[in-house]
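Peer 1: To start, I am sharing the structure in question, which I have written as structure tokens.
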Amino acid sequence: MSFRTTRRSLLLAGTAASASIAMPWIAKGAAEFQFKYANNSPLTHPLTVRTTEAMERIKQQTNGRVDIQVFPNNQLGSDTDMLSQLRSGAIEFFTLSGLILSTLVPVASINGLGFVWENYSKVWPAMDGELGAYIRKQIEKSGLVAMEKQYDNGYRQMTSSTRPIKSPDDLKGFKIRVPPSPLWTSMFKAFDAAPMSINFSEVYSALQTKVAEGQENPLSIIYFAKLYEVQKYLAETNHMWDGFWFLANGMVWNGLPADLRDIIAKNLNESAIVQREDIAKQNATFKADLSAKGMEFSAVDQKPFRAKLEASGFYKEWKGKYGDEAWSVLEKYTGAIS
Ligand code: X2X
């Protein structure tokens with residue numbers, strides 16, 4: 001947090017100091033507010049592409065006062081590490097799946113419940129509406145701030161190197177990597193699979209070395225992180241929908257002048273809308289692209305998967321965890337779940 005350093009320099013320098021010592025950013029030509037934004041996504045993924053564009057606009061529109069450097073692709077560590085860094089202020093901005101954020105803010109995984117979103121025309125009104133607002137309020141209580149518009153991760157699909165997944169029975173004993181989040185573990189346990197929590201930074205090698213047989217992710221991640229190199233079968237399960245919250249350290253955010261906050265938020269929210277469109281467009285061609293890379297696709301009937309979750313008490317259990325209030329906000333958008 002360079003602005004803190006700057007304040008300390010001001011104190012140390014005292015009144016006798018020259019302007020170039022008291023305001024080192026002027027002397028060095030550096031920005032007044034230099035921040036770090038980190039994520040888990042490849043350079044080519046629309047999340048990285050569009051947030052990088054937002055940072056360029058922010059620099060321009062603040063006349064160089066705010067300079068946010070982008071550290072994609074787990075350069076600064078795993079999601080779990082980066083969440084700690086965000087909380088301590090070692091990094092100021094971070095995008096994280098709400099499902100993983102739930103390790104800190106339990107309700108943030110609610111949009112990831114299996115088989116509740118018919119399509120995007122239900123997802124975005126919910127996340128841009130009351131459900132998103134409800135989650136953001138809880139996020140704020142944890143000392144973090146979430147921008148209003150989420151970036152898309154996408155509908156998640158199951159992949160495997162050992163066998164095609166066609167029915168819930170195929171998941172029995174299946175060694176599947178899931179992101180670190182109680183909801184994921186709970187759901188794949190309900191399928192009688194053998195889920196293992198592994199951060200995304202380790203996924204490629206876990207699949208390559210066959211520590212895990214399979215994993216689940218949206219097509220965009222499977223494509224841009226080249227998971228097709230270490231996975232053969234792809235079942236179009238669309239089992240969960242997942243998005244990235246653009247998070248700020250609350251102390252840093254609230255310490256910024258309001259006009260700068262407005263410029264940052266506006267640009268990050270605008271880029272989120274464009275990023276959602278990127279994913280929608282790319283989804284139309286990913287199947288052909290991934291097939292060309294050698295993946296074998298299979299269409300899947302969702303009904304028996306959902307029935308298995310119902311029968312295992314999965315929805316009932318999570319309704320109890322999230323509470324009636326959050327559940328009714330969710331059902332406003334999804335329709336009755338159970
Ligand atoms: O870790 C994953 O699988 C990923 C990339 O989808 C998330 O960020 C949750």
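Chain labels A, B, ... are given in the sequence in which chains occur in the structure tokens; within each chain residues are numbered consecutively from 1, and ligands are likewise numbered from 1 in the order shown.
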Would you kindly return, as a PDB file with C-alpha atoms, in the first residue's frame, each protein, DNA or RNA residue with an atom no farther than 7 Å from any atom of range 275-280 of chain A, considering only C-alpha atoms and excluding same-chain residues fewer than 3 positions away?

Peer 2:
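And here is the file that came out, result.pdb:
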```
ATOM      1  CA  PRO A  46     -11.852 -12.370 -20.619  1.00  0.00           C
ATOM      2  CA  LEU A  47     -11.670 -11.682 -16.870  1.00  0.00           C
ATOM      3  CA  ARG A  50     -11.355  -6.774 -19.513  1.00  0.00           C
ATOM      4  CA  TYR A 151     -17.825 -10.905 -13.707  1.00  0.00           C
ATOM      5  CA  ASP A 152     -18.947 -14.200 -15.240  1.00  0.00           C
ATOM      6  CA  SER A 271     -15.894  -3.936 -17.898  1.00  0.00           C
ATOM      7  CA  ALA A 272     -17.912  -6.622 -16.121  1.00  0.00           C
ATOM      8  CA  ASN A 283     -19.573 -20.125 -25.387  1.00  0.00           C
TER       9      ASN A 283
END
```

Peer 1: Which residues are near ligand 1 - at most 8 Å, using only C-alpha atoms and all ligand atoms? Format: as a ChimeraX atom specification.

Peer 2: /A:40-41,79,96-100,153,156,178-180,198-201,203,215-218,221,242-244

Peer 1: If you run DSSP on the backbone here, which positions in range 177-276 of chain A get alpha helix (DSSP H)? Please write them as a PyMOL selection string.

Peer 2: chain A and resi 182-190+203-208+219-224+250-255+258-276

Peer 1: Could you save the residues just selected, with N, CA and C atoms, as a short mmCIF file (atom, residue, chain, number, x, y, z; two decimals), in the first residue's frame?

Peer 2:
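out28.cif, written as the output of this step:
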```cif
data_model
loop_
_atom_site.label_atom_id
_atom_site.label_comp_id
_atom_site.auth_asym_id
_atom_site.auth_seq_id
_atom_site.Cartn_x
_atom_site.Cartn_y
_atom_site.Cartn_z
N PRO A 182 -17.06 -25.38 1.13
CA PRO A 182 -17.92 -26.43 1.69
C PRO A 182 -19.07 -26.83 0.76
N LEU A 183 -19.60 -25.88 -0.02
CA LEU A 183 -20.73 -26.23 -0.89
C LEU A 183 -20.33 -27.27 -1.92
N TRP A 184 -19.16 -27.10 -2.50
CA TRP A 184 -18.69 -28.04 -3.53
C TRP A 184 -18.49 -29.44 -2.94
N THR A 185 -17.82 -29.48 -1.81
CA THR A 185 -17.55 -30.77 -1.19
C THR A 185 -18.86 -31.47 -0.85
N SER A 186 -19.79 -30.70 -0.29
CA SER A 186 -21.08 -31.25 0.11
C SER A 186 -21.83 -31.81 -1.10
N MET A 187 -21.81 -31.07 -2.20
CA MET A 187 -22.57 -31.50 -3.38
C MET A 187 -21.99 -32.79 -3.97
N PHE A 188 -20.66 -32.86 -4.06
CA PHE A 188 -20.09 -34.06 -4.68
C PHE A 188 -20.09 -35.25 -3.72
N LYS A 189 -20.15 -34.98 -2.44
CA LYS A 189 -20.36 -36.08 -1.49
C LYS A 189 -21.77 -36.63 -1.64
N ALA A 190 -22.71 -35.72 -1.90
CA ALA A 190 -24.09 -36.17 -2.11
C ALA A 190 -24.21 -37.07 -3.35
N VAL A 203 -4.51 -27.14 -10.14
CA VAL A 203 -5.42 -28.07 -10.82
C VAL A 203 -4.77 -28.78 -12.00
N TYR A 204 -4.08 -28.02 -12.83
CA TYR A 204 -3.49 -28.64 -14.02
C TYR A 204 -2.57 -29.80 -13.61
N SER A 205 -1.73 -29.56 -12.64
CA SER A 205 -0.78 -30.62 -12.27
C SER A 205 -1.49 -31.76 -11.54
N ALA A 206 -2.52 -31.46 -10.77
CA ALA A 206 -3.27 -32.54 -10.10
C ALA A 206 -3.92 -33.47 -11.13
N LEU A 207 -4.37 -32.89 -12.25
CA LEU A 207 -4.99 -33.70 -13.30
C LEU A 207 -3.93 -34.44 -14.11
N GLN A 208 -2.84 -33.73 -14.36
CA GLN A 208 -1.77 -34.32 -15.16
C GLN A 208 -1.17 -35.55 -14.46
N LEU A 219 -16.64 -23.82 -19.61
CA LEU A 219 -15.88 -24.07 -20.84
C LEU A 219 -14.73 -23.08 -21.00
N SER A 220 -14.96 -21.83 -20.62
CA SER A 220 -13.93 -20.80 -20.80
C SER A 220 -12.65 -21.14 -20.04
N ILE A 221 -12.81 -21.64 -18.81
CA ILE A 221 -11.63 -22.00 -18.01
C ILE A 221 -10.97 -23.25 -18.59
N ILE A 222 -11.80 -24.22 -18.99
CA ILE A 222 -11.25 -25.46 -19.56
C ILE A 222 -10.42 -25.11 -20.80
N TYR A 223 -10.91 -24.14 -21.56
CA TYR A 223 -10.23 -23.74 -22.79
C TYR A 223 -8.97 -22.91 -22.49
N PHE A 224 -9.13 -21.82 -21.76
CA PHE A 224 -7.99 -20.90 -21.60
C PHE A 224 -6.90 -21.45 -20.67
N GLY A 250 -11.48 -3.26 2.35
CA GLY A 250 -12.40 -2.20 2.81
C GLY A 250 -11.71 -0.95 3.32
N MET A 251 -10.60 -1.13 4.05
CA MET A 251 -9.88 0.03 4.60
C MET A 251 -9.31 0.89 3.48
N VAL A 252 -8.73 0.21 2.50
CA VAL A 252 -8.14 0.92 1.37
C VAL A 252 -9.24 1.66 0.61
N TRP A 253 -10.32 0.91 0.32
CA TRP A 253 -11.42 1.48 -0.46
C TRP A 253 -12.00 2.71 0.23
N ASN A 254 -12.30 2.56 1.51
CA ASN A 254 -12.94 3.67 2.21
C ASN A 254 -11.98 4.83 2.48
N GLY A 255 -10.68 4.55 2.35
CA GLY A 255 -9.69 5.60 2.53
C GLY A 255 -9.46 6.43 1.27
N ALA A 258 -13.65 10.14 -2.62
CA ALA A 258 -14.89 9.64 -3.24
C ALA A 258 -14.86 9.73 -4.77
N ASP A 259 -14.25 10.79 -5.31
CA ASP A 259 -14.26 10.92 -6.77
C ASP A 259 -13.43 9.80 -7.43
N LEU A 260 -12.37 9.40 -6.78
CA LEU A 260 -11.55 8.31 -7.33
C LEU A 260 -12.29 6.97 -7.21
N ARG A 261 -12.94 6.79 -6.07
CA ARG A 261 -13.75 5.56 -5.88
C ARG A 261 -14.78 5.43 -6.99
N ASP A 262 -15.43 6.56 -7.31
CA ASP A 262 -16.48 6.52 -8.34
C ASP A 262 -15.91 6.10 -9.70
N ILE A 263 -14.75 6.66 -10.02
CA ILE A 263 -14.14 6.33 -11.33
C ILE A 263 -13.75 4.85 -11.37
N ILE A 264 -13.17 4.37 -10.28
CA ILE A 264 -12.75 2.95 -10.25
C ILE A 264 -13.98 2.04 -10.38
N ALA A 265 -15.00 2.31 -9.57
CA ALA A 265 -16.19 1.44 -9.57
C ALA A 265 -16.87 1.46 -10.93
N LYS A 266 -17.01 2.64 -11.49
CA LYS A 266 -17.70 2.77 -12.78
C LYS A 266 -16.99 1.93 -13.84
N ASN A 267 -15.70 2.03 -13.89
CA ASN A 267 -14.96 1.30 -14.92
C ASN A 267 -14.95 -0.21 -14.69
N LEU A 268 -14.85 -0.61 -13.43
CA LEU A 268 -14.87 -2.05 -13.16
C LEU A 268 -16.25 -2.63 -13.49
N ASN A 269 -17.30 -1.88 -13.17
CA ASN A 269 -18.65 -2.36 -13.47
C ASN A 269 -18.90 -2.40 -14.98
N GLU A 270 -18.42 -1.39 -15.68
CA GLU A 270 -18.60 -1.39 -17.15
C GLU A 270 -17.86 -2.56 -17.78
N SER A 271 -16.66 -2.82 -17.32
CA SER A 271 -15.89 -3.94 -17.90
C SER A 271 -16.55 -5.28 -17.59
N ALA A 272 -17.22 -5.36 -16.46
CA ALA A 272 -17.91 -6.62 -16.12
C ALA A 272 -18.98 -6.94 -17.16
N ILE A 273 -19.72 -5.92 -17.57
CA ILE A 273 -20.79 -6.14 -18.56
C ILE A 273 -20.19 -6.62 -19.88
N VAL A 274 -19.10 -6.01 -20.29
CA VAL A 274 -18.44 -6.42 -21.54
C VAL A 274 -17.88 -7.85 -21.41
N GLN A 275 -17.32 -8.15 -20.23
CA GLN A 275 -16.75 -9.49 -20.00
C GLN A 275 -17.84 -10.56 -20.07
N ARG A 276 -19.03 -10.25 -19.54
CA ARG A 276 -20.14 -11.21 -19.62
C ARG A 276 -20.49 -11.49 -21.09
#
```

Peer 1: Which is closest to His45 in chain A among A:Gln60, A:Arg65, A:His239, A:Ala225, if we use only C-alpha atoms?

Peer 2: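 Looking at the shortest contact to His45 in chain A, the residue is A:Ala225.
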
Peer 1: Please provide the set of residues having any atom within 10 Å of Ser328 in chain A, restricted to only C-alpha atoms, with same-chain residues fewer than 6 positions apart removed, written as a compact mmCIF listing (two decimals) with N, CA and C atoms, in the first residue's frame.

Peer 2:
```txt
# COMPACT_ATOMS: atom_id res chain seq x y z
N LEU A 131 -30.60 -10.38 -4.95
CA LEU A 131 -29.74 -11.45 -4.43
C LEU A 131 -28.30 -10.95 -4.32
N LYS A 319 -30.54 -25.02 2.76
CA LYS A 319 -31.55 -24.04 3.13
C LYS A 319 -31.39 -23.68 4.61
N THR A 334 -35.16 -17.87 -8.87
CA THR A 334 -35.03 -19.21 -9.45
C THR A 334 -36.37 -19.93 -9.55
N GLY A 335 -37.36 -19.47 -8.80
CA GLY A 335 -38.57 -20.26 -8.59
C GLY A 335 -38.34 -21.21 -7.43
N ALA A 336 -39.38 -21.93 -7.02
CA ALA A 336 -39.28 -22.81 -5.85
C ALA A 336 -38.22 -23.88 -6.10
N ILE A 337 -37.34 -24.08 -5.11
CA ILE A 337 -36.25 -25.05 -5.26
C ILE A 337 -36.64 -26.40 -4.67
```

Peer 1: What lies within 12 Å of Leu101 in chain A using only C-alpha atoms, ignoring chain neighbours under 3 positions off, as a VMD selection string?

Peer 2: chain A and resid 79 to 80 82 to 84 86 to 87 94 to 98 104 to 112 135 to 136 138 to 139 142 144 146 179 to 183 242 to 247

Peer 1: Would you save the residues of that selection, restricted to N, CA and C atoms, as a compact mmCIF listing (two decimals), in the first residue's frame?

Peer 2:
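Generated output (result_11.txt):
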```txt
# COMPACT_ATOMS: atom_id res chain seq x y z
N ASP A 79 -5.89 -18.93 -4.69
CA ASP A 79 -7.04 -18.13 -4.25
C ASP A 79 -7.05 -17.96 -2.74
N THR A 80 -6.76 -19.04 -2.04
CA THR A 80 -6.75 -18.97 -0.57
C THR A 80 -5.70 -17.97 -0.09
N MET A 82 -4.42 -15.46 -1.85
CA MET A 82 -4.76 -14.10 -2.28
C MET A 82 -5.88 -13.50 -1.43
N LEU A 83 -6.80 -14.37 -0.97
CA LEU A 83 -7.84 -13.85 -0.08
C LEU A 83 -7.22 -13.33 1.23
N SER A 84 -6.25 -14.05 1.75
CA SER A 84 -5.55 -13.56 2.96
C SER A 84 -4.82 -12.26 2.67
N LEU A 86 -5.57 -10.05 0.45
CA LEU A 86 -6.55 -8.97 0.30
C LEU A 86 -6.98 -8.47 1.67
N ARG A 87 -7.20 -9.40 2.59
CA ARG A 87 -7.69 -9.01 3.92
C ARG A 87 -6.62 -8.24 4.68
N PHE A 94 -8.97 -7.92 -5.79
CA PHE A 94 -8.89 -9.36 -6.08
C PHE A 94 -10.25 -9.80 -6.60
N THR A 95 -10.25 -10.64 -7.64
CA THR A 95 -11.54 -11.24 -8.04
C THR A 95 -11.59 -12.68 -7.56
N LEU A 96 -12.71 -13.03 -6.95
CA LEU A 96 -12.84 -14.37 -6.37
C LEU A 96 -14.25 -14.90 -6.59
N SER A 97 -14.34 -16.18 -6.90
CA SER A 97 -15.64 -16.86 -6.97
C SER A 97 -16.35 -16.69 -5.63
N GLY A 98 -17.64 -16.36 -5.70
CA GLY A 98 -18.42 -16.24 -4.47
C GLY A 98 -18.41 -17.54 -3.67
N LEU A 104 -15.25 -17.23 4.01
CA LEU A 104 -15.25 -16.05 4.88
C LEU A 104 -16.66 -15.50 5.09
N VAL A 105 -17.46 -15.53 4.02
CA VAL A 105 -18.82 -14.96 4.04
C VAL A 105 -19.77 -16.08 3.59
N PRO A 106 -20.30 -16.86 4.53
CA PRO A 106 -20.99 -18.10 4.17
C PRO A 106 -22.06 -17.97 3.08
N VAL A 107 -22.84 -16.90 3.10
CA VAL A 107 -23.95 -16.82 2.14
C VAL A 107 -23.47 -16.60 0.70
N ALA A 108 -22.20 -16.25 0.54
CA ALA A 108 -21.69 -15.93 -0.81
C ALA A 108 -21.69 -17.13 -1.75
N SER A 109 -21.92 -18.33 -1.23
CA SER A 109 -21.96 -19.49 -2.14
C SER A 109 -23.37 -19.80 -2.62
N ILE A 110 -24.35 -19.03 -2.19
CA ILE A 110 -25.75 -19.43 -2.43
C ILE A 110 -26.09 -19.55 -3.91
N ASN A 111 -25.45 -18.70 -4.73
CA ASN A 111 -25.75 -18.78 -6.18
C ASN A 111 -25.15 -20.03 -6.83
N GLY A 112 -24.34 -20.76 -6.10
CA GLY A 112 -23.69 -21.94 -6.65
C GLY A 112 -24.43 -23.24 -6.38
N ILE A 135 -25.98 -10.40 -0.90
CA ILE A 135 -24.64 -10.99 -0.70
C ILE A 135 -23.61 -9.88 -0.45
N ARG A 136 -23.68 -8.81 -1.23
CA ARG A 136 -22.69 -7.72 -1.06
C ARG A 136 -22.75 -7.11 0.34
N GLN A 138 -23.46 -8.68 3.06
CA GLN A 138 -22.75 -9.60 3.97
C GLN A 138 -21.24 -9.50 3.75
N ILE A 139 -20.83 -9.32 2.50
CA ILE A 139 -19.40 -9.19 2.20
C ILE A 139 -18.83 -7.97 2.93
N SER A 142 -17.67 -8.23 6.39
CA SER A 142 -16.41 -8.95 6.62
C SER A 142 -15.19 -8.05 6.42
N LEU A 144 -14.55 -6.41 3.57
CA LEU A 144 -14.24 -6.30 2.15
C LEU A 144 -15.38 -5.55 1.46
N ALA A 146 -17.41 -5.32 -2.32
CA ALA A 146 -17.59 -5.92 -3.65
C ALA A 146 -18.20 -4.89 -4.59
N PRO A 179 -13.03 -26.80 -6.04
CA PRO A 179 -12.39 -25.66 -5.39
C PRO A 179 -12.65 -25.71 -3.87
N PRO A 180 -11.79 -25.03 -3.10
CA PRO A 180 -11.96 -25.08 -1.63
C PRO A 180 -13.20 -24.32 -1.20
N SER A 181 -14.26 -25.05 -0.92
CA SER A 181 -15.54 -24.45 -0.54
C SER A 181 -16.46 -25.55 -0.05
N PRO A 182 -17.06 -25.38 1.13
CA PRO A 182 -17.92 -26.43 1.69
C PRO A 182 -19.07 -26.83 0.76
N LEU A 183 -19.60 -25.88 -0.02
CA LEU A 183 -20.73 -26.23 -0.89
C LEU A 183 -20.33 -27.27 -1.92
N ASP A 242 -21.50 -19.95 -11.56
CA ASP A 242 -20.48 -19.35 -10.69
C ASP A 242 -20.00 -18.02 -11.30
N GLY A 243 -19.83 -17.03 -10.45
CA GLY A 243 -19.32 -15.73 -10.92
C GLY A 243 -18.24 -15.20 -10.01
N PHE A 244 -17.48 -14.24 -10.51
CA PHE A 244 -16.38 -13.64 -9.74
C PHE A 244 -16.83 -12.29 -9.16
N TRP A 245 -16.68 -12.13 -7.87
CA TRP A 245 -16.87 -10.80 -7.27
C TRP A 245 -15.58 -10.01 -7.42
N PHE A 246 -15.70 -8.75 -7.81
CA PHE A 246 -14.52 -7.88 -7.82
C PHE A 246 -14.43 -7.23 -6.44
N LEU A 247 -13.44 -7.64 -5.68
CA LEU A 247 -13.35 -7.27 -4.26
C LEU A 247 -12.25 -6.24 -4.01
```

Peer 1: Between A:Val300, A:Ala248, A:Val329, A:Met295, which one has atoms that come closest to Gly89 in chain A, using only C-alpha atoms?

Peer 2: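 Going through A:Val300, A:Ala248, A:Val329, A:Met295 one by one, the smallest distance to Gly89 in chain A is for A:Ala248.
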
Peer 1: Please return, as a ChimeraX atom specification, all residues of range 30-260 of chain A that DSSP assigns to strand (DSSP E) on the basis of the backbone.

Peer 2: /A:33-38,66-71,93-97,144-146,151-155,157-160,175-178,194-197,214-217,233-236,241-249

Peer 1: Just how far from CA of Glu213 in chain A is CA of Gly114 in chain A, in Å to one decimal?

Peer 2: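 These atoms are spaced 20.8 Å apart.
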
Peer 1: Mind giving me the straight-line distance from CA of Ala194 in chain A to CA of Ser102 in chain A in Å, one decimal?

Peer 2: 21.1 Å

Peer 1: To one decimal in Å, tell me the separation between CA of Lys172 in chain A and CA of Ala307 in chain A.

Peer 2: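 These atoms are spaced 15.3 Å apart.
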